[in-house]
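> The structure is given below, and queries will be raised subsequently.
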Amino acid sequence: MSAASARTPDKRRVILDAAVRVFARQGFHACRVSDIADEAGVAYGLLYHYFSSKDEVLDTLFLERWNVMLDMIREVDAREISAREKLYAIAAFIIDSFRHDPDLMKVIIVEVTRAANSFGQTHLAQIREAFRLIAEIVTKAQAAGDFRTDIDAEFAAIAFYGAIEQVLTGWIFELLPRGEDNYERAKWLVVETVCGGLQTSAVGEAPVV
């Protein structure tokens, strides 16, 4: 790569970054392709050189970040550490993702994972894969005798991720205080809340139905 080309901004990346800001500020459905082009400082037609529609832009943003998270969960699960430490690492990754790029996380949560009738349906397979990988961590801990076996692993995985997403939603809509101390404490609170109920030493039994 020449020195000149190295200094040239990646137009595709510029458009994606601009789309994050526009989607977070205006909402996906309220904005137009021209809004993204204006934010990126590029010609309207150039956006269509890289993406067929604003739907493809959102798909790309989601899949880029979600696939990074899936790879991270697989890497964490391969480590020789406890299930609690694995779940803490996952919670830390997601919360730190919000800390470093709150607009992107807002877009992913509001426009994709919570959009049950549109993009959420489109990406159900990817969303379920995250739950499956987390459930595998729980299942292994159950087999080792570390976690209770009367709590369904899939339900525990959904509860774990759901707790993190709800905390992020609280930050997005300013229902919970932000800040470094709050971010760090949230990691611990989520893991302690979920693992406290999963541990074999926890009191309480499953209700008879």
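Going by the structure tokens order, chains are called A, B, ..., each with residues numbered from 1, while ligands are numbered from 1 in the order shown.
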Show me, as a PDB file with C-alpha atoms, in the first residue's frame, the residues that have an atom within 12 Å of A:Ala144 when counting only C-alpha atoms, minus same-chain residues fewer than 4 positions from it.


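That gives us result-v8.pdb:
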ATOM      1  CA  SER A  82     -14.170 -21.320  36.092  1.00  0.00           C
ATOM      2  CA  ALA A  83     -17.630 -20.822  34.639  1.00  0.00           C
ATOM      3  CA  ILE A 137     -20.735 -22.852  29.580  1.00  0.00           C
ATOM      4  CA  VAL A 138     -23.574 -23.420  32.037  1.00  0.00           C
ATOM      5  CA  THR A 139     -24.021 -27.047  30.940  1.00  0.00           C
ATOM      6  CA  LYS A 140     -20.336 -27.813  31.482  1.00  0.00           C
ATOM      7  CA  ARG A 148     -27.383 -26.610  39.861  1.00  0.00           C
ATOM      8  CA  THR A 149     -28.919 -29.033  37.377  1.00  0.00           C
ATOM      9  CA  GLN A 199     -24.450 -22.257  42.311  1.00  0.00           C
ATOM     10  CA  THR A 200     -25.041 -25.610  43.927  1.00  0.00           C
TER      11      THR A 200
END

> Excluding stretch 155-166 of chain A and residues on its chain fewer than 4 positions from it, collect all residues at most 8 Å away from it, counting only C-alpha atoms, and give them as a ChimeraX atom specification.

/A:91,94-95,109,131-132,134-135,138,151,170,190-191,194

> Give me the residues near stretch 98-101 of chain A as a ChimeraX atom specification, where near means some atom within 9 Å (using only C-alpha atoms) and where sequence neighbours in that chain fewer than 3 positions away do not count.

/A:93-95,104-106,168,179-180,183

> Could you name the residues that touch A:Leu70 at 8 Å or less, counting only C-alpha atoms, but leaving out those on the same chain fewer than 5 positions away, as a list in words?

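So, after excluding close chain neighbours, the residues are Glu129, Ala130 and Leu133 of chain A.
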
> Please save N, CA, C and O atoms of the selected residues as a CSV table (one decimal), in the first residue's frame.


chain,number,residue,atom,x,y,z
A,129,GLU,N,-27.4,-18.2,18.5
A,129,GLU,CA,-26.0,-18.8,18.7
A,129,GLU,C,-25.3,-18.2,19.9
A,129,GLU,O,-24.6,-19.0,20.6
A,130,ALA,N,-25.5,-17.0,20.2
A,130,ALA,CA,-24.9,-16.4,21.5
A,130,ALA,C,-25.5,-17.1,22.7
A,130,ALA,O,-24.8,-17.5,23.6
A,133,LEU,N,-24.0,-20.7,23.0
A,133,LEU,CA,-22.7,-20.7,23.5
A,133,LEU,C,-22.6,-20.5,25.0
A,133,LEU,O,-21.8,-21.1,25.7

> Assign secondary structure with DSSP using the backbone only, and return the residues of stretch 24-208 of chain A in alpha helix (DSSP H) as a ChimeraX atom specification.

/A:24-26,33-40,44-50,54-77,83-100,102-108,119-122,124-143,153-172,180-198

> Kindly save the residues from that selection, with C-alpha atoms included, as a short mmCIF file (atom, residue, chain, number, x, y, z; two decimals), in the first residue's frame.


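Everything below was put into part-v8.cif:
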data_model
loop_
_atom_site.label_atom_id
_atom_site.label_comp_id
_atom_site.auth_asym_id
_atom_site.auth_seq_id
_atom_site.Cartn_x
_atom_site.Cartn_y
_atom_site.Cartn_z
CA ALA A 24 -28.48 6.41 17.17
CA ARG A 25 -29.59 10.03 16.84
CA GLN A 26 -32.64 9.70 14.57
CA VAL A 33 -29.98 7.19 3.03
CA SER A 34 -29.23 10.83 2.24
CA ASP A 35 -28.90 11.54 5.97
CA ILE A 36 -26.15 8.93 6.21
CA ALA A 37 -24.40 10.30 3.12
CA ASP A 38 -24.54 13.84 4.50
CA GLU A 39 -23.17 12.69 7.87
CA ALA A 40 -20.35 10.82 6.12
CA TYR A 44 -25.41 10.16 -2.16
CA GLY A 45 -24.61 7.75 -4.96
CA LEU A 46 -21.35 6.61 -3.36
CA LEU A 47 -23.23 4.96 -0.53
CA TYR A 48 -24.93 2.71 -3.07
CA HIS A 49 -21.51 1.73 -4.39
CA TYR A 50 -20.91 -0.07 -1.09
CA LYS A 54 -29.80 1.34 4.57
CA ASP A 55 -31.04 -2.12 5.63
CA GLU A 56 -27.75 -3.60 4.42
CA VAL A 57 -25.88 -0.92 6.35
CA LEU A 58 -27.64 -1.92 9.57
CA ASP A 59 -27.12 -5.62 8.81
CA THR A 60 -23.41 -4.99 8.36
CA LEU A 61 -23.07 -3.02 11.59
CA PHE A 62 -24.86 -5.72 13.57
CA LEU A 63 -23.07 -8.70 12.07
CA GLU A 64 -19.63 -7.11 12.43
CA ARG A 65 -20.06 -6.58 16.16
CA TRP A 66 -22.11 -9.67 16.90
CA ASN A 67 -19.62 -11.98 15.19
CA VAL A 68 -16.81 -10.42 17.23
CA MET A 69 -18.80 -11.24 20.37
CA LEU A 70 -19.45 -14.83 19.25
CA ASP A 71 -15.74 -15.34 18.61
CA MET A 72 -14.95 -13.87 22.01
CA ILE A 73 -17.38 -16.23 23.78
CA ARG A 74 -15.82 -19.23 22.03
CA GLU A 75 -12.32 -18.05 22.98
CA VAL A 76 -13.33 -17.48 26.60
CA ASP A 77 -14.99 -20.89 26.85
CA ALA A 83 -17.63 -20.82 34.64
CA ARG A 84 -18.07 -17.77 36.83
CA GLU A 85 -14.87 -16.26 35.38
CA LYS A 86 -16.06 -17.05 31.85
CA LEU A 87 -19.40 -15.35 32.44
CA TYR A 88 -17.64 -12.37 33.99
CA ALA A 89 -15.42 -12.06 30.89
CA ILE A 90 -18.49 -12.10 28.63
CA ALA A 91 -20.31 -9.51 30.74
CA ALA A 92 -17.18 -7.35 30.79
CA PHE A 93 -16.82 -7.53 27.00
CA ILE A 94 -20.41 -6.43 26.38
CA ILE A 95 -20.35 -3.67 28.98
CA ASP A 96 -16.96 -2.42 27.77
CA SER A 97 -18.36 -2.40 24.22
CA PHE A 98 -21.01 0.02 25.43
CA ARG A 99 -18.43 2.04 27.34
CA HIS A 100 -16.28 2.51 24.23
CA PRO A 102 -22.42 3.61 23.20
CA ASP A 103 -23.99 4.71 19.91
CA LEU A 104 -23.22 1.39 18.22
CA MET A 105 -24.54 -0.61 21.16
CA LYS A 106 -27.68 1.52 21.21
CA VAL A 107 -28.24 0.76 17.54
CA ILE A 108 -27.69 -2.98 18.02
CA PHE A 119 -34.28 -7.08 12.12
CA GLY A 120 -34.59 -9.24 15.21
CA GLN A 121 -36.38 -11.85 13.11
CA THR A 122 -33.79 -11.55 10.36
CA LEU A 124 -32.56 -14.86 15.04
CA ALA A 125 -29.96 -17.49 14.12
CA GLN A 126 -27.07 -15.25 15.17
CA ILE A 127 -28.84 -14.17 18.35
CA ARG A 128 -29.65 -17.77 19.27
CA GLU A 129 -26.03 -18.77 18.68
CA ALA A 130 -24.94 -16.43 21.46
CA PHE A 131 -27.46 -18.00 23.82
CA ARG A 132 -26.32 -21.49 22.78
CA LEU A 133 -22.67 -20.73 23.47
CA ILE A 134 -23.44 -19.27 26.89
CA ALA A 135 -25.70 -22.25 27.66
CA GLU A 136 -22.77 -24.56 26.87
CA ILE A 137 -20.73 -22.85 29.58
CA VAL A 138 -23.57 -23.42 32.04
CA THR A 139 -24.02 -27.05 30.94
CA LYS A 140 -20.34 -27.81 31.48
CA ALA A 141 -20.48 -26.26 34.94
CA GLN A 142 -23.54 -28.35 35.73
CA ALA A 143 -21.75 -31.51 34.62
CA ALA A 153 -29.07 -24.07 30.91
CA GLU A 154 -30.79 -22.36 27.99
CA PHE A 155 -33.00 -20.38 30.36
CA ALA A 156 -29.96 -19.39 32.42
CA ALA A 157 -28.19 -18.19 29.27
CA ILE A 158 -31.14 -16.04 28.23
CA ALA A 159 -31.47 -14.65 31.76
CA PHE A 160 -27.75 -13.84 31.84
CA TYR A 161 -27.68 -12.04 28.50
CA GLY A 162 -31.04 -10.44 29.17
CA ALA A 163 -29.78 -8.97 32.43
CA ILE A 164 -26.82 -7.39 30.66
CA GLU A 165 -28.96 -6.03 27.84
CA GLN A 166 -31.44 -4.56 30.31
CA VAL A 167 -28.63 -2.77 32.14
CA LEU A 168 -27.39 -1.36 28.83
CA THR A 169 -30.94 -0.29 28.02
CA GLY A 170 -31.05 1.54 31.35
CA TRP A 171 -27.91 3.44 30.36
CA ILE A 172 -29.19 4.13 26.85
CA GLU A 180 -16.64 4.15 35.20
CA ASP A 181 -17.60 2.96 38.68
CA ASN A 182 -21.10 2.04 37.52
CA TYR A 183 -19.77 0.12 34.52
CA GLU A 184 -17.36 -1.89 36.65
CA ARG A 185 -19.95 -2.60 39.34
CA ALA A 186 -22.50 -3.71 36.73
CA LYS A 187 -20.16 -6.49 35.56
CA TRP A 188 -19.95 -7.86 39.09
CA LEU A 189 -23.66 -7.42 39.82
CA VAL A 190 -24.81 -9.30 36.73
CA VAL A 191 -22.51 -12.24 37.35
CA GLU A 192 -23.24 -12.41 41.08
CA THR A 193 -26.98 -12.19 40.49
CA VAL A 194 -27.04 -15.00 37.94
CA CYS A 195 -24.32 -17.22 39.37
CA GLY A 196 -25.72 -16.82 42.87
CA GLY A 197 -28.86 -18.56 41.70
CA LEU A 198 -26.97 -21.19 39.70
#

> Taking only C-alpha atoms into account, name the residue in A:Arg13, A:Val20, A:Gly27, A:Phe147 that is nearest to A:Glu111.

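Between A:Arg13, A:Val20, A:Gly27, A:Phe147, the residue approaching A:Glu111 most closely is A:Gly27.
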
> Between atom CA of A:Ala30 and atom CA of A:Ala115, measure the distance and give it in Å to one decimal.

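Between these atoms lies a distance of 14.6 Å.
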
> From the list A:His123, A:Lys11, A:Arg178, A:Gly145, which residue is nearest A:Phe51 when using only C-alpha atoms?

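Checking each candidate against A:Phe51, we get A:Lys11 as the closest.
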